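A quick write-up on the structure given underneath.
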Amino acid sequence: MPRLKPQAKLFLIVIVGAGAIYGLRSAMQHGLIPTPGIMKSIVASRVTLPPQEEAQVANVQALAYPSTTPASVQATHIQFDVWEWNAMYALIYANGGPDSTKGSLMEKNGVNLTLHREDSNTQMGNDLIDCAKQLHDGEKTCSKGAEAIVVMGDSGGQWLSNLNPQLKKLGPEYQAVIIGAVGRSNGEDALLGPAEWKSNPQSMKGKTIVGVIRDGDWNIALNYLGSNGLKNNPDLKTYDPDAVNWIAAPDEDYIKAVTDVFIPNRCEDRKVVKDGRTTGETKNICPDGVVTWTPGDEQAVHGRPGTAKIVSSHEYASQMPAVILGIKKFFNDNRDEVSGLLAASFQAADQVKAFDAVRRSAGAISAKIYNDQTGDYWYKYYGGFKDDKSGQMLGGSAVFNLEDNVNYFGLDGKHNNNMRATYETFGKIATMNYPLLFKDNPIPPYKDAVDTSFIFSAQASLNTGGVQGASAETVDYTKEAESGTVLGHKAVYINFASGSDQPLPDSIPTLNELKDSLAINSQLALQIDGYTD
């Protein structure tokens, strides 16, 4: 089994679009009447490959680019709702366009896929439920809605807690599950606000952030608050001067968080609370910061000069995989196509990792699917760059190939299951902040939420085809530590028996939580400042 790395977030598609060579009958004299059995010589369609000598990683053979011509794949039609998110770079390249194209890796793997941009979390959930109802009524595929969506893995538990109680009414086989990851955010998902928040995290006390509540970027902020001992006020109707407060993004839309609230500085009145009790005062609060991702990060720093990136998915590198979440029955009924979809994405990820020309091509395809910006724009933001106007590092994503999935989900027995770590850690954070919300619909156990059998099926397919993939990413902790950036200080108490190196039983849960925390913040080096006996 290939070994993948939790950091690597690259994966998805490689396209082999060989132009079909077909023959034309030779014409008889004067070219008017075709003569049976005689074939006319023609010029073969040209197959364009990325320059192999430019390969930036080993073991990846250049494959042909996808065409722009729609494919005609005789397979169950699959529809995905996707955000405008560069972590899906490989999935997008594998498809070749909004619909699978000729020569694409999806076509090669027998997949008929449509990718539809949908920025609203609310609508994404509704689309999944609408589709499940059609499947329940006997349809094999959905005429409306989506069989699957791509979401942030750290909020996977929150998605399932909300969706599965509704889906299970149709039958337990209709519940949603996570089947694999196509990439990860590597900096573009971020907490943005006054620069002082980074040098002095305590200055966030009494400030207000706008974002999609209980989703991945909200988690980035909560992770940062927890690392610096700051309180979070989860009540969207009150203001606590001793905590960090929140304004919900309109329609659960990460772009509207920036354009409709943060940039116009939209304020509202809130009741003031102290130690959980109202004081009788009212305060007009305004958004001091925002959690969002590209193009929201660009819009935020340009729309409100002085806005800085405080912390992002670059530092919390294993927190935010782009996972495929969809209806279990549909996945099981179409196992070959779904496994082929993953295999195509993993191959595409290898191509994206290896060839700059492929990354540029994926940018152009992204612009078509999103119907926004240009290919150069998405290419630039995929790799991440320093913005001249604001001086901020913007963008940054990565793709996941097969080895990345094996490592991230801990399938080889050698790597920590980082998917479980992020799923459970942020599920606990959400539950702690909103206990009443999750009282009747708790976050499902990890074993019920994730089905990795499709990754194994994709692996078997790729191994049978003799496909060689890129190695998973690794982290250079020495390089990361050289930046000198400190993101948080936290006191962790682990008790040992006197004169022993064995932790006491009551410290085991603390050690397990610390292990998961370190797995999530896997780009960061850890400094231990003290211990005693």
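To be explicit about the labels: the chains of the structure tokens are called A, B, and onward in the order shown, and within each one the residues are counted from 1, while ligands get numbers from 1 in the order they are shown.
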- [ ] Within 10 Å of range 443-445 of chain A, counting only C-alpha atoms, which residues show up once you throw out same-chain ones fewer than 2 positions away? Write them as a ChimeraX atom specification, please.
- [x] /A:156-162,164,420,423-424,427-428,430-431,438-441,447-450
For the residues selected in the previous step, produce a file with N, CA and C atoms as a short mmCIF file (atom, residue, chain, number, x, y, z; two decimals), in the first residue's frame.
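selection.cif written:
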```cif
data_model
loop_
_atom_site.label_atom_id
_atom_site.label_comp_id
_atom_site.auth_asym_id
_atom_site.auth_seq_id
_atom_site.Cartn_x
_atom_site.Cartn_y
_atom_site.Cartn_z
N GLY A 156 -16.91 18.12 9.23
CA GLY A 156 -17.68 16.97 8.76
C GLY A 156 -18.70 16.49 9.78
N GLY A 157 -18.32 16.46 11.05
CA GLY A 157 -19.24 16.02 12.08
C GLY A 157 -20.45 16.94 12.21
N GLN A 158 -20.22 18.25 12.08
CA GLN A 158 -21.32 19.20 12.15
C GLN A 158 -22.27 19.02 10.98
N TRP A 159 -21.73 18.78 9.78
CA TRP A 159 -22.56 18.53 8.61
C TRP A 159 -23.43 17.29 8.82
N LEU A 160 -22.81 16.21 9.30
CA LEU A 160 -23.55 14.96 9.46
C LEU A 160 -24.59 15.06 10.57
N SER A 161 -24.27 15.79 11.63
CA SER A 161 -25.23 15.99 12.71
C SER A 161 -26.49 16.69 12.20
N ASN A 162 -26.30 17.61 11.27
CA ASN A 162 -27.43 18.36 10.72
C ASN A 162 -28.19 17.55 9.67
N ASN A 164 -27.96 13.96 8.77
CA ASN A 164 -28.37 12.58 8.93
C ASN A 164 -29.71 12.37 9.62
N ARG A 420 -9.52 11.31 11.66
CA ARG A 420 -10.23 11.09 12.92
C ARG A 420 -9.91 12.19 13.91
N TYR A 423 -11.75 15.38 12.87
CA TYR A 423 -13.20 15.17 12.97
C TYR A 423 -13.65 15.22 14.43
N GLU A 424 -12.96 14.48 15.28
CA GLU A 424 -13.38 14.40 16.68
C GLU A 424 -13.04 15.67 17.46
N GLY A 427 -15.40 18.41 16.39
CA GLY A 427 -16.74 18.02 16.80
C GLY A 427 -16.96 18.31 18.28
N LYS A 428 -15.93 18.07 19.09
CA LYS A 428 -16.02 18.37 20.52
C LYS A 428 -16.11 19.87 20.76
N ALA A 430 -17.34 22.16 18.73
CA ALA A 430 -18.68 22.61 18.36
C ALA A 430 -19.70 22.22 19.41
N THR A 431 -19.60 21.01 19.92
CA THR A 431 -20.55 20.53 20.93
C THR A 431 -20.40 21.31 22.23
N PHE A 438 -26.60 20.23 19.81
CA PHE A 438 -26.20 18.85 19.54
C PHE A 438 -26.77 17.86 20.55
N LYS A 439 -27.65 18.33 21.43
CA LYS A 439 -28.21 17.44 22.45
C LYS A 439 -29.03 16.32 21.83
N ASP A 440 -29.93 16.67 20.93
CA ASP A 440 -30.80 15.67 20.31
C ASP A 440 -30.17 15.03 19.08
N ASN A 441 -29.26 15.75 18.44
CA ASN A 441 -28.60 15.24 17.24
C ASN A 441 -27.08 15.32 17.41
N LYS A 447 -16.47 6.19 13.36
CA LYS A 447 -16.61 4.92 12.63
C LYS A 447 -17.86 4.87 11.78
N ASP A 448 -18.89 5.64 12.15
CA ASP A 448 -20.12 5.69 11.37
C ASP A 448 -20.10 6.79 10.32
N ALA A 449 -19.14 7.69 10.44
CA ALA A 449 -19.11 8.86 9.58
C ALA A 449 -18.24 8.68 8.35
N VAL A 450 -17.31 7.74 8.39
CA VAL A 450 -16.30 7.62 7.33
C VAL A 450 -16.28 6.19 6.80
#
```
Can you check which parts of range 269-333 of chain A lie within 8 Å of range 68-87 of chain A? Per residue, the shortest pair of atoms and distance in Å to one decimal, counting only C-alpha atoms, sorted by chain and number, as a Markdown table.
```
| residue | atom | partner | partner_atom | distance |
| --- | --- | --- | --- | --- |
| A:Trp293 | CA | A:Trp85 | CA | 7.8 |
| A:Thr294 | CA | A:Trp85 | CA | 7.0 |
| A:Pro321 | CA | A:Ala87 | CA | 7.9 |
| A:Ala322 | CA | A:Ala87 | CA | 6.1 |
```
TODO: Write out as a PyMOL selection string the residues lying within 12 Å of range 367-378 of chain A, counting only C-alpha atoms and excluding same-chain residues fewer than 5 positions away.
DONE: chain A and resi 68+80-89+91-93+95-100+114-119+188+294-295+298+357-362+383-385+394-397
TODO: Do a neighbour search on Ile285 in chain A at 7 Å with only C-alpha atoms, toss out local chain neighbours closer than 3 positions, and write the hits as a VMD selection string.
DONE: chain A and resid 267 to 270
Tell me, counting only C-alpha atoms, for each residue of range 367-448 of chain A within 10 Å of range 300-318 of chain A, which pair of atoms is nearest and how far apart they are in Å to one decimal, in rows ordered by chain and increasing number, as a Markdown table.
```
| residue | atom | partner | partner_atom | distance |
| --- | --- | --- | --- | --- |
| A:Asp387 | CA | A:Val301 | CA | 9.4 |
| A:Lys389 | CA | A:His302 | CA | 7.5 |
| A:Ser390 | CA | A:Val301 | CA | 6.3 |
| A:Gly391 | CA | A:Ala308 | CA | 8.6 |
| A:Gln392 | CA | A:Ala308 | CA | 6.5 |
| A:Met393 | CA | A:Lys309 | CA | 7.5 |
| A:Leu394 | CA | A:Lys309 | CA | 8.2 |
| A:Gly395 | CA | A:His314 | CA | 9.8 |
| A:Gly396 | CA | A:His314 | CA | 7.7 |
| A:Ser397 | CA | A:His314 | CA | 8.6 |
| A:Tyr408 | CA | A:Ser318 | CA | 8.3 |
| A:Asn418 | CA | A:Ser318 | CA | 6.8 |
| A:Met419 | CA | A:Ser318 | CA | 8.1 |
| A:Ala421 | CA | A:Ser318 | CA | 9.2 |
| A:Thr422 | CA | A:Ser318 | CA | 7.6 |
```
Go ahead and save the picked residues with all heavy atoms, as a compact mmCIF listing (two decimals), in the first residue's frame.
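part.txt, freshly written:
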```txt
# COMPACT_ATOMS: atom_id res chain seq x y z
N ASP A 387 0.83 39.32 -1.63
CA ASP A 387 0.09 40.37 -2.32
C ASP A 387 0.83 41.70 -2.20
O ASP A 387 1.12 42.17 -1.09
CB ASP A 387 -1.31 40.47 -1.70
CG ASP A 387 -2.15 41.56 -2.33
OD1 ASP A 387 -2.23 41.59 -3.57
OD2 ASP A 387 -2.73 42.37 -1.58
N LYS A 389 -0.16 44.74 -2.85
CA LYS A 389 -0.96 45.84 -2.35
C LYS A 389 -1.08 45.83 -0.83
O LYS A 389 -0.96 46.86 -0.17
CB LYS A 389 -2.35 45.81 -2.99
CG LYS A 389 -3.23 47.00 -2.64
CD LYS A 389 -4.54 46.94 -3.42
CE LYS A 389 -5.44 48.12 -3.08
NZ LYS A 389 -6.71 48.08 -3.83
N SER A 390 -1.29 44.64 -0.26
CA SER A 390 -1.51 44.55 1.19
C SER A 390 -0.31 44.02 1.96
O SER A 390 -0.23 44.17 3.18
CB SER A 390 -2.70 43.62 1.47
OG SER A 390 -2.39 42.28 1.11
N GLY A 391 0.62 43.39 1.23
CA GLY A 391 1.77 42.79 1.90
C GLY A 391 1.46 41.47 2.58
O GLY A 391 2.30 40.91 3.28
N GLN A 392 0.24 40.94 2.36
CA GLN A 392 -0.19 39.71 3.02
C GLN A 392 0.02 38.50 2.11
O GLN A 392 -0.07 38.59 0.88
CB GLN A 392 -1.68 39.80 3.39
CG GLN A 392 -2.00 40.90 4.37
CD GLN A 392 -1.30 40.70 5.70
OE1 GLN A 392 -1.33 39.63 6.29
NE2 GLN A 392 -0.65 41.75 6.18
N MET A 393 0.29 37.36 2.72
CA MET A 393 0.31 36.10 1.99
C MET A 393 -1.14 35.66 1.78
O MET A 393 -1.90 35.52 2.75
CB MET A 393 1.07 35.03 2.77
CG MET A 393 2.56 35.24 2.84
SD MET A 393 3.36 35.19 1.21
CE MET A 393 2.95 33.53 0.66
N LEU A 394 -1.51 35.47 0.54
CA LEU A 394 -2.89 35.12 0.21
C LEU A 394 -2.93 33.78 -0.53
O LEU A 394 -1.97 33.37 -1.17
CB LEU A 394 -3.53 36.20 -0.66
CG LEU A 394 -3.60 37.61 -0.06
CD1 LEU A 394 -4.20 38.58 -1.06
CD2 LEU A 394 -4.41 37.61 1.24
N GLY A 395 -4.09 33.12 -0.44
CA GLY A 395 -4.29 31.86 -1.14
C GLY A 395 -3.49 30.74 -0.53
O GLY A 395 -2.97 30.82 0.59
N GLY A 396 -3.37 29.66 -1.26
CA GLY A 396 -2.59 28.50 -0.83
C GLY A 396 -3.45 27.28 -0.60
O GLY A 396 -4.22 27.24 0.36
N SER A 397 -3.35 26.30 -1.49
CA SER A 397 -4.03 25.02 -1.31
C SER A 397 -3.11 23.92 -1.80
O SER A 397 -2.05 24.18 -2.37
CB SER A 397 -5.37 24.99 -2.07
OG SER A 397 -6.37 25.70 -1.38
N TYR A 408 -3.31 10.15 5.46
CA TYR A 408 -4.20 11.04 6.22
C TYR A 408 -5.25 10.25 6.99
O TYR A 408 -5.59 10.60 8.12
CB TYR A 408 -4.88 12.03 5.28
CG TYR A 408 -5.55 13.16 6.03
CD1 TYR A 408 -4.79 14.22 6.51
CD2 TYR A 408 -6.91 13.15 6.30
CE1 TYR A 408 -5.38 15.25 7.24
CE2 TYR A 408 -7.51 14.17 7.02
CZ TYR A 408 -6.75 15.22 7.48
OH TYR A 408 -7.34 16.23 8.20
N ASN A 418 -5.23 11.25 10.96
CA ASN A 418 -5.47 12.68 11.13
C ASN A 418 -6.90 13.07 10.80
O ASN A 418 -7.40 14.09 11.30
CB ASN A 418 -4.50 13.48 10.26
CG ASN A 418 -3.10 13.52 10.86
OD1 ASN A 418 -2.84 12.87 11.87
ND2 ASN A 418 -2.20 14.24 10.24
N MET A 419 -7.56 12.28 9.96
CA MET A 419 -8.96 12.57 9.67
C MET A 419 -9.79 12.38 10.94
O MET A 419 -10.66 13.19 11.26
CB MET A 419 -9.47 11.66 8.55
CG MET A 419 -10.92 11.91 8.16
SD MET A 419 -11.20 13.56 7.47
CE MET A 419 -12.77 13.98 8.23
N ALA A 421 -8.65 12.58 13.97
CA ALA A 421 -8.24 13.61 14.92
C ALA A 421 -8.98 14.91 14.68
O ALA A 421 -9.51 15.54 15.61
CB ALA A 421 -6.73 13.83 14.85
N THR A 422 -9.03 15.35 13.43
CA THR A 422 -9.69 16.63 13.15
C THR A 422 -11.19 16.52 13.27
O THR A 422 -11.87 17.43 13.76
CB THR A 422 -9.28 17.15 11.74
OG1 THR A 422 -9.68 18.51 11.62
CG2 THR A 422 -9.87 16.33 10.62
```
TODO: List the neighbours of Leu504 in chain A out to 9 Å using only C-alpha atoms; skip same-chain residues closer than 3 positions along the sequence, and give me the result as a PyMOL selection string.
DONE: chain A and resi 494-497+507-508
Task: Backbone-only DSSP, alpha helix (DSSP H) members of range 76-169 of chain A, as a VMD selection string - done: chain A and resid 89 to 95 105 to 108 121 to 136 156 to 167
Next, the residues of the selection above should be written as a PDB file, in the first residue's frame with C-alpha atoms.
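Saved the output as again20.pdb:
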```pdb
ATOM      1  CA  TYR A  89      -7.817  21.577  -7.925  1.00  0.00           C
ATOM      2  CA  ALA A  90      -7.202  17.900  -8.728  1.00  0.00           C
ATOM      3  CA  LEU A  91     -10.889  16.973  -8.827  1.00  0.00           C
ATOM      4  CA  ILE A  92     -11.501  19.852 -11.200  1.00  0.00           C
ATOM      5  CA  TYR A  93      -8.581  18.959 -13.475  1.00  0.00           C
ATOM      6  CA  ALA A  94      -9.684  15.320 -13.541  1.00  0.00           C
ATOM      7  CA  ASN A  95     -13.106  16.326 -14.864  1.00  0.00           C
ATOM      8  CA  LEU A 105      -9.236  11.195 -16.276  1.00  0.00           C
ATOM      9  CA  MET A 106     -12.894  10.927 -15.329  1.00  0.00           C
ATOM     10  CA  GLU A 107     -13.703   9.624 -18.810  1.00  0.00           C
ATOM     11  CA  LYS A 108     -10.753   7.248 -18.645  1.00  0.00           C
ATOM     12  CA  ASN A 121     -23.910  25.784   2.952  1.00  0.00           C
ATOM     13  CA  THR A 122     -27.665  25.893   3.456  1.00  0.00           C
ATOM     14  CA  GLN A 123     -28.348  25.189  -0.216  1.00  0.00           C
ATOM     15  CA  MET A 124     -25.720  22.450  -0.322  1.00  0.00           C
ATOM     16  CA  GLY A 125     -27.518  20.614   2.471  1.00  0.00           C
ATOM     17  CA  ASN A 126     -30.896  21.100   0.802  1.00  0.00           C
ATOM     18  CA  ASP A 127     -29.522  19.752  -2.489  1.00  0.00           C
ATOM     19  CA  LEU A 128     -28.307  16.582  -0.786  1.00  0.00           C
ATOM     20  CA  ILE A 129     -31.682  16.038   0.905  1.00  0.00           C
ATOM     21  CA  ASP A 130     -33.634  16.711  -2.311  1.00  0.00           C
ATOM     22  CA  CYS A 131     -31.509  14.159  -4.130  1.00  0.00           C
ATOM     23  CA  ALA A 132     -31.930  11.535  -1.394  1.00  0.00           C
ATOM     24  CA  LYS A 133     -35.719  11.874  -1.685  1.00  0.00           C
ATOM     25  CA  GLN A 134     -35.534  11.189  -5.421  1.00  0.00           C
ATOM     26  CA  LEU A 135     -33.385   8.117  -4.829  1.00  0.00           C
ATOM     27  CA  HIS A 136     -35.867   6.947  -2.211  1.00  0.00           C
ATOM     28  CA  GLY A 156     -17.678  16.970   8.763  1.00  0.00           C
ATOM     29  CA  GLY A 157     -19.244  16.023  12.084  1.00  0.00           C
ATOM     30  CA  GLN A 158     -21.320  19.201  12.154  1.00  0.00           C
ATOM     31  CA  TRP A 159     -22.564  18.531   8.608  1.00  0.00           C
ATOM     32  CA  LEU A 160     -23.549  14.960   9.462  1.00  0.00           C
ATOM     33  CA  SER A 161     -25.231  15.994  12.706  1.00  0.00           C
ATOM     34  CA  ASN A 162     -27.430  18.358  10.725  1.00  0.00           C
ATOM     35  CA  LEU A 163     -28.079  16.150   7.668  1.00  0.00           C
ATOM     36  CA  ASN A 164     -28.371  12.576   8.927  1.00  0.00           C
ATOM     37  CA  PRO A 165     -31.421  13.004  11.188  1.00  0.00           C
ATOM     38  CA  GLN A 166     -33.296  14.193   8.084  1.00  0.00           C
ATOM     39  CA  LEU A 167     -31.793  11.626   5.724  1.00  0.00           C
TER      40      LEU A 167
END
```
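Compared by their closest atoms to Val258 in chain A, and using only C-alpha atoms, the residues A:Asp388, A:Asp350, A:Asp297, A:Asp235 rank with A:Asp297 nearest.
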Task: Members of range 21-244 of chain A assigned strand (DSSP E or B) by DSSP, as a count of residues only - done: 55
Open item on the list: Could you list, as number ranges by chain, every residue within 9 Å of Thr452 in chain A, counting only C-alpha atoms and ignoring same-chain residues fewer than 5 positions away?
Closed with: A: 178-180, 409, 411, 457
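The smallest atom-to-atom distance between Gly187 in chain A and any of A:Leu222, A:Ile327, A:Ala354, A:Met320, using only C-alpha atoms, is found for A:Met320.
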